[in-house]
Structure formats: structure tokens, C-alpha cells
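Everything below belongs to data-v8.pdb, which stores PDB, N, CA and C atoms, pLDDT in the B column.
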```pdb
ATOM      1  N   MET A   1      -3.744  15.982  -8.735  1.00 89.00           N
ATOM      2  CA  MET A   1      -2.550  16.216  -9.521  1.00 89.00           C
ATOM      3  C   MET A   1      -1.820  14.900  -9.837  1.00 89.00           C
ATOM      4  N   LEU A   2      -1.871  13.924  -8.935  1.00 91.00           N
ATOM      5  CA  LEU A   2      -1.174  12.661  -9.166  1.00 91.00           C
ATOM      6  C   LEU A   2      -2.104  11.537  -9.618  1.00 91.00           C
ATOM      7  N   GLU A   3      -3.356  11.847  -9.834  1.00 93.00           N
ATOM      8  CA  GLU A   3      -4.331  10.831 -10.215  1.00 93.00           C
ATOM      9  C   GLU A   3      -3.912  10.122 -11.502  1.00 93.00           C
ATOM     10  N   GLY A   4      -3.833   8.787 -11.434  1.00 94.00           N
ATOM     11  CA  GLY A   4      -3.491   7.986 -12.599  1.00 94.00           C
ATOM     12  C   GLY A   4      -2.007   7.955 -12.933  1.00 94.00           C
ATOM     13  N   LYS A   5      -1.169   8.554 -12.108  1.00 96.00           N
ATOM     14  CA  LYS A   5       0.279   8.585 -12.368  1.00 96.00           C
ATOM     15  C   LYS A   5       0.947   7.366 -11.756  1.00 96.00           C
ATOM     16  N   LYS A   6       2.067   6.958 -12.339  1.00 97.00           N
ATOM     17  CA  LYS A   6       2.902   5.891 -11.799  1.00 97.00           C
ATOM     18  C   LYS A   6       4.157   6.558 -11.236  1.00 97.00           C
ATOM     19  N   ILE A   7       4.543   6.154 -10.029  1.00 96.00           N
ATOM     20  CA  ILE A   7       5.608   6.829  -9.302  1.00 96.00           C
ATOM     21  C   ILE A   7       6.772   5.879  -9.048  1.00 96.00           C
ATOM     22  N   ALA A   8       7.997   6.354  -9.294  1.00 97.00           N
ATOM     23  CA  ALA A   8       9.225   5.656  -8.913  1.00 97.00           C
ATOM     24  C   ALA A   8       9.866   6.470  -7.801  1.00 97.00           C
ATOM     25  N   ILE A   9      10.155   5.823  -6.681  1.00 97.00           N
ATOM     26  CA  ILE A   9      10.692   6.505  -5.512  1.00 97.00           C
ATOM     27  C   ILE A   9      12.131   6.071  -5.285  1.00 97.00           C
ATOM     28  N   ILE A  10      13.024   7.044  -5.174  1.00 96.00           N
ATOM     29  CA  ILE A  10      14.404   6.773  -4.799  1.00 96.00           C
ATOM     30  C   ILE A  10      14.685   7.579  -3.533  1.00 96.00           C
ATOM     31  N   GLY A  11      14.742   6.874  -2.419  1.00 96.00           N
ATOM     32  CA  GLY A  11      14.999   7.523  -1.143  1.00 96.00           C
ATOM     33  C   GLY A  11      16.484   7.547  -0.837  1.00 96.00           C
ATOM     34  N   ASP A  12      16.851   8.287   0.197  1.00 95.00           N
ATOM     35  CA  ASP A  12      18.239   8.429   0.603  1.00 95.00           C
ATOM     36  C   ASP A  12      18.401   7.857   2.004  1.00 95.00           C
ATOM     37  N   ARG A  13      19.390   7.026   2.203  1.00 93.00           N
ATOM     38  CA  ARG A  13      19.602   6.380   3.499  1.00 93.00           C
ATOM     39  C   ARG A  13      19.828   7.406   4.608  1.00 93.00           C
ATOM     40  N   ASP A  14      20.541   8.480   4.323  1.00 92.00           N
ATOM     41  CA  ASP A  14      20.826   9.499   5.331  1.00 92.00           C
ATOM     42  C   ASP A  14      19.784  10.610   5.333  1.00 92.00           C
ATOM     43  N   GLY A  15      18.794  10.512   4.468  1.00 93.00           N
ATOM     44  CA  GLY A  15      17.743  11.524   4.384  1.00 93.00           C
ATOM     45  C   GLY A  15      16.395  10.879   4.632  1.00 93.00           C
ATOM     46  N   ILE A  16      15.554  10.938   3.621  1.00 95.00           N
ATOM     47  CA  ILE A  16      14.211  10.357   3.728  1.00 95.00           C
ATOM     48  C   ILE A  16      14.200   9.018   2.995  1.00 95.00           C
ATOM     49  N   PRO A  17      13.972   7.902   3.693  1.00 96.00           N
ATOM     50  CA  PRO A  17      13.963   6.599   3.037  1.00 96.00           C
ATOM     51  C   PRO A  17      12.706   6.391   2.192  1.00 96.00           C
ATOM     52  N   ALA A  18      12.815   5.522   1.212  1.00 96.00           N
ATOM     53  CA  ALA A  18      11.721   5.254   0.287  1.00 96.00           C
ATOM     54  C   ALA A  18      10.420   4.836   0.971  1.00 96.00           C
ATOM     55  N   PRO A  19      10.443   3.981   1.998  1.00 96.00           N
ATOM     56  CA  PRO A  19       9.174   3.592   2.632  1.00 96.00           C
ATOM     57  C   PRO A  19       8.405   4.782   3.218  1.00 96.00           C
ATOM     58  N   ALA A  20       9.115   5.776   3.731  1.00 97.00           N
ATOM     59  CA  ALA A  20       8.444   6.962   4.281  1.00 97.00           C
ATOM     60  C   ALA A  20       7.776   7.758   3.168  1.00 97.00           C
ATOM     61  N   ILE A  21       8.443   7.888   2.054  1.00 96.00           N
ATOM     62  CA  ILE A  21       7.870   8.607   0.906  1.00 96.00           C
ATOM     63  C   ILE A  21       6.679   7.823   0.363  1.00 96.00           C
ATOM     64  N   GLN A  22       6.820   6.496   0.312  1.00 96.00           N
ATOM     65  CA  GLN A  22       5.750   5.655  -0.216  1.00 96.00           C
ATOM     66  C   GLN A  22       4.479   5.778   0.623  1.00 96.00           C
ATOM     67  N   GLU A  23       4.612   5.866   1.932  1.00 96.00           N
ATOM     68  CA  GLU A  23       3.433   6.027   2.784  1.00 96.00           C
ATOM     69  C   GLU A  23       2.702   7.320   2.463  1.00 96.00           C
ATOM     70  N   CYS A  24       3.437   8.371   2.153  1.00 95.00           N
ATOM     71  CA  CYS A  24       2.814   9.650   1.784  1.00 95.00           C
ATOM     72  C   CYS A  24       2.114   9.540   0.432  1.00 95.00           C
ATOM     73  N   ILE A  25       2.744   8.880  -0.523  1.00 95.00           N
ATOM     74  CA  ILE A  25       2.172   8.747  -1.870  1.00 95.00           C
ATOM     75  C   ILE A  25       0.919   7.891  -1.832  1.00 95.00           C
ATOM     76  N   GLU A  26       0.865   6.902  -0.938  1.00 92.00           N
ATOM     77  CA  GLU A  26      -0.303   6.015  -0.869  1.00 92.00           C
ATOM     78  C   GLU A  26      -1.566   6.743  -0.437  1.00 92.00           C
ATOM     79  N   THR A  27      -1.450   7.958   0.068  1.00 94.00           N
ATOM     80  CA  THR A  27      -2.635   8.745   0.427  1.00 94.00           C
ATOM     81  C   THR A  27      -3.222   9.438  -0.798  1.00 94.00           C
ATOM     82  N   THR A  28      -2.549   9.343  -1.932  1.00 95.00           N
ATOM     83  CA  THR A  28      -3.038   9.928  -3.187  1.00 95.00           C
ATOM     84  C   THR A  28      -3.561   8.799  -4.071  1.00 95.00           C
ATOM     85  N   GLU A  29      -3.945   9.127  -5.286  1.00 94.00           N
ATOM     86  CA  GLU A  29      -4.435   8.117  -6.225  1.00 94.00           C
ATOM     87  C   GLU A  29      -3.350   7.646  -7.185  1.00 94.00           C
ATOM     88  N   ALA A  30      -2.083   7.934  -6.848  1.00 96.00           N
ATOM     89  CA  ALA A  30      -0.962   7.489  -7.673  1.00 96.00           C
ATOM     90  C   ALA A  30      -0.603   6.047  -7.329  1.00 96.00           C
ATOM     91  N   GLU A  31       0.105   5.391  -8.241  1.00 95.00           N
ATOM     92  CA  GLU A  31       0.536   4.005  -8.038  1.00 95.00           C
ATOM     93  C   GLU A  31       2.057   3.977  -7.929  1.00 95.00           C
ATOM     94  N   VAL A  32       2.572   3.423  -6.844  1.00 96.00           N
ATOM     95  CA  VAL A  32       4.018   3.283  -6.675  1.00 96.00           C
ATOM     96  C   VAL A  32       4.447   2.008  -7.392  1.00 96.00           C
ATOM     97  N   VAL A  33       5.293   2.144  -8.420  1.00 97.00           N
ATOM     98  CA  VAL A  33       5.733   0.989  -9.190  1.00 97.00           C
ATOM     99  C   VAL A  33       7.149   0.563  -8.825  1.00 97.00           C
ATOM    100  N   PHE A  34       7.886   1.458  -8.155  1.00 97.00           N
ATOM    101  CA  PHE A  34       9.254   1.138  -7.748  1.00 97.00           C
ATOM    102  C   PHE A  34       9.612   1.978  -6.542  1.00 97.00           C
ATOM    103  N   GLY A  35      10.267   1.365  -5.570  1.00 96.00           N
ATOM    104  CA  GLY A  35      10.741   2.094  -4.403  1.00 96.00           C
ATOM    105  C   GLY A  35      12.032   1.498  -3.917  1.00 96.00           C
ATOM    106  N   SER A  36      13.032   2.340  -3.701  1.00 97.00           N
ATOM    107  CA  SER A  36      14.327   1.861  -3.239  1.00 97.00           C
ATOM    108  C   SER A  36      14.993   2.950  -2.418  1.00 97.00           C
ATOM    109  N   THR A  37      15.701   2.527  -1.377  1.00 96.00           N
ATOM    110  CA  THR A  37      16.491   3.451  -0.571  1.00 96.00           C
ATOM    111  C   THR A  37      17.950   3.207  -0.908  1.00 96.00           C
ATOM    112  N   GLU A  38      18.647   4.227  -1.322  1.00 95.00           N
ATOM    113  CA  GLU A  38      20.038   4.119  -1.757  1.00 95.00           C
ATOM    114  C   GLU A  38      20.945   4.942  -0.845  1.00 95.00           C
ATOM    115  N   CYS A  39      22.229   4.685  -0.932  1.00 92.00           N
ATOM    116  CA  CYS A  39      23.223   5.446  -0.199  1.00 92.00           C
ATOM    117  C   CYS A  39      24.045   6.246  -1.212  1.00 92.00           C
ATOM    118  N   PHE A  40      23.954   7.559  -1.122  1.00 83.00           N
ATOM    119  CA  PHE A  40      24.666   8.430  -2.050  1.00 83.00           C
ATOM    120  C   PHE A  40      25.844   9.059  -1.302  1.00 83.00           C
ATOM    121  N   VAL A  41      27.064   8.691  -1.700  1.00 80.00           N
ATOM    122  CA  VAL A  41      28.258   9.284  -1.067  1.00 80.00           C
ATOM    123  C   VAL A  41      29.166   9.883  -2.112  1.00 80.00           C
TER     124      VAL A  41
END
```
How does the structure come out when it is put into C-alpha cells?
Amino acid sequence: MLEGKKIAIIGDRDGIPAPAIQECIETTEAEVVFGSTECFV
């Protein structure tokens, strides 16, 4: 489903941070082009 897709990850500091999401995406054939953990208040 993600084969050949480019992924932008926006994680949440109080939730799931971007590096954790990126590790999951790296098990697929998608390419992570942007990853950032932000604080939403």
C-alpha cells in the first residue's frame, strides 16, 4: 500500500514522536522525506 510513496511525519511531543513513527515506516517500501516532532498546545 505504501510502495513508492513519500512520507512526511509530524509527531507530537506528548504523544508519539516522529522518530518512533519513522522506525515503523522504514519497515515498508515508503521513503520518509520529512520528520519532525512538534509541541501542540
Problem set entry | Within 7 Å of range 18-35 of chain A using only N, CA and C atoms, minus same-chain residues under 3 positions, as a ChimeraX atom specification | /A:2-13,38
Problem set entry | Those in chain A with strand (DSSP E or B) from DSSP, as a ChimeraX atom specification | /A:6-12,31-38
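One finds CA of Gly15 in chain A at 11.3 Å from atom C of Ser36 in chain A.
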Problem set entry | Two-atom distance - atom N of Pro17 in chain A, atom C of Cys39 in chain A (Å) |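 Interatomic distance, atom N of Pro17 in chain A to atom C of Cys39 in chain A: 11.3 Å.
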Could you work out an axis-aligned bounding box for all listed atoms of range 11-28 of chain A, with 3 Å added on each of the six sides, and give its centre and edge lengths in Å to one decimal, as lines of an AutoDock Vina configuration file?
```
center_x = 8.6
center_y = 7.6
center_z = 0.6
size_x = 30.4
size_y = 13.9
size_z = 15.4
```
Exercise. When DSSP works through the backbone of this structure, what residues of chain A end up as helix (DSSP H, G or I), shown as a count of residues only?
Worked result: 8
From the block you just saw, export range 13-38 of chain A: N, CA and C atoms, as a compact mmCIF listing (two decimals), in the first residue's frame.
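File decode34.txt, as written:
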```txt
# COMPACT_ATOMS: atom_id res chain seq x y z
N ARG A 13 5.01 15.81 20.70
CA ARG A 13 5.91 15.66 21.84
C ARG A 13 5.25 14.90 22.99
N ASP A 14 3.97 15.14 23.23
CA ASP A 14 3.27 14.48 24.33
C ASP A 14 2.59 13.19 23.88
N GLY A 15 2.73 12.85 22.61
CA GLY A 15 2.11 11.63 22.08
C GLY A 15 3.19 10.73 21.50
N ILE A 16 3.09 10.50 20.21
CA ILE A 16 4.06 9.64 19.53
C ILE A 16 5.06 10.53 18.78
N PRO A 17 6.34 10.50 19.14
CA PRO A 17 7.32 11.34 18.46
C PRO A 17 7.65 10.82 17.05
N ALA A 18 8.11 11.72 16.21
CA ALA A 18 8.41 11.39 14.82
C ALA A 18 9.39 10.23 14.66
N PRO A 19 10.47 10.14 15.45
CA PRO A 19 11.40 9.02 15.27
C PRO A 19 10.74 7.65 15.46
N ALA A 20 9.78 7.56 16.37
CA ALA A 20 9.08 6.28 16.59
C ALA A 20 8.23 5.93 15.37
N ILE A 21 7.58 6.90 14.80
CA ILE A 21 6.76 6.67 13.60
C ILE A 21 7.68 6.31 12.43
N GLN A 22 8.81 7.00 12.34
CA GLN A 22 9.75 6.75 11.24
C GLN A 22 10.28 5.32 11.28
N GLU A 23 10.55 4.80 12.46
CA GLU A 23 11.03 3.42 12.56
C GLU A 23 9.99 2.44 12.02
N CYS A 24 8.72 2.72 12.26
CA CYS A 24 7.65 1.86 11.74
C CYS A 24 7.56 1.97 10.22
N ILE A 25 7.68 3.17 9.69
CA ILE A 25 7.57 3.39 8.24
C ILE A 25 8.74 2.74 7.52
N GLU A 26 9.92 2.71 8.15
CA GLU A 26 11.10 2.14 7.49
C GLU A 26 10.97 0.64 7.25
N THR A 27 9.98 -0.01 7.85
CA THR A 27 9.75 -1.43 7.60
C THR A 27 8.94 -1.63 6.32
N THR A 28 8.47 -0.55 5.72
CA THR A 28 7.72 -0.61 4.46
C THR A 28 8.64 -0.15 3.33
N GLU A 29 8.10 -0.04 2.14
CA GLU A 29 8.88 0.43 0.99
C GLU A 29 8.68 1.92 0.72
N ALA A 30 8.13 2.64 1.71
CA ALA A 30 7.94 4.08 1.57
C ALA A 30 9.23 4.81 1.91
N GLU A 31 9.33 6.06 1.46
CA GLU A 31 10.51 6.89 1.73
C GLU A 31 10.09 8.05 2.63
N VAL A 32 10.76 8.19 3.77
CA VAL A 32 10.49 9.31 4.67
C VAL A 32 11.29 10.51 4.17
N VAL A 33 10.60 11.58 3.78
CA VAL A 33 11.27 12.76 3.25
C VAL A 33 11.33 13.89 4.28
N PHE A 34 10.49 13.79 5.32
CA PHE A 34 10.48 14.82 6.36
C PHE A 34 9.97 14.20 7.65
N GLY A 35 10.61 14.53 8.75
CA GLY A 35 10.16 14.07 10.06
C GLY A 35 10.44 15.11 11.10
N SER A 36 9.44 15.45 11.89
CA SER A 36 9.61 16.46 12.93
C SER A 36 8.66 16.15 14.08
N THR A 37 9.14 16.42 15.29
CA THR A 37 8.30 16.28 16.48
C THR A 37 7.97 17.69 16.95
N GLU A 38 6.71 17.99 17.07
CA GLU A 38 6.24 19.33 17.44
C GLU A 38 5.49 19.28 18.77
```
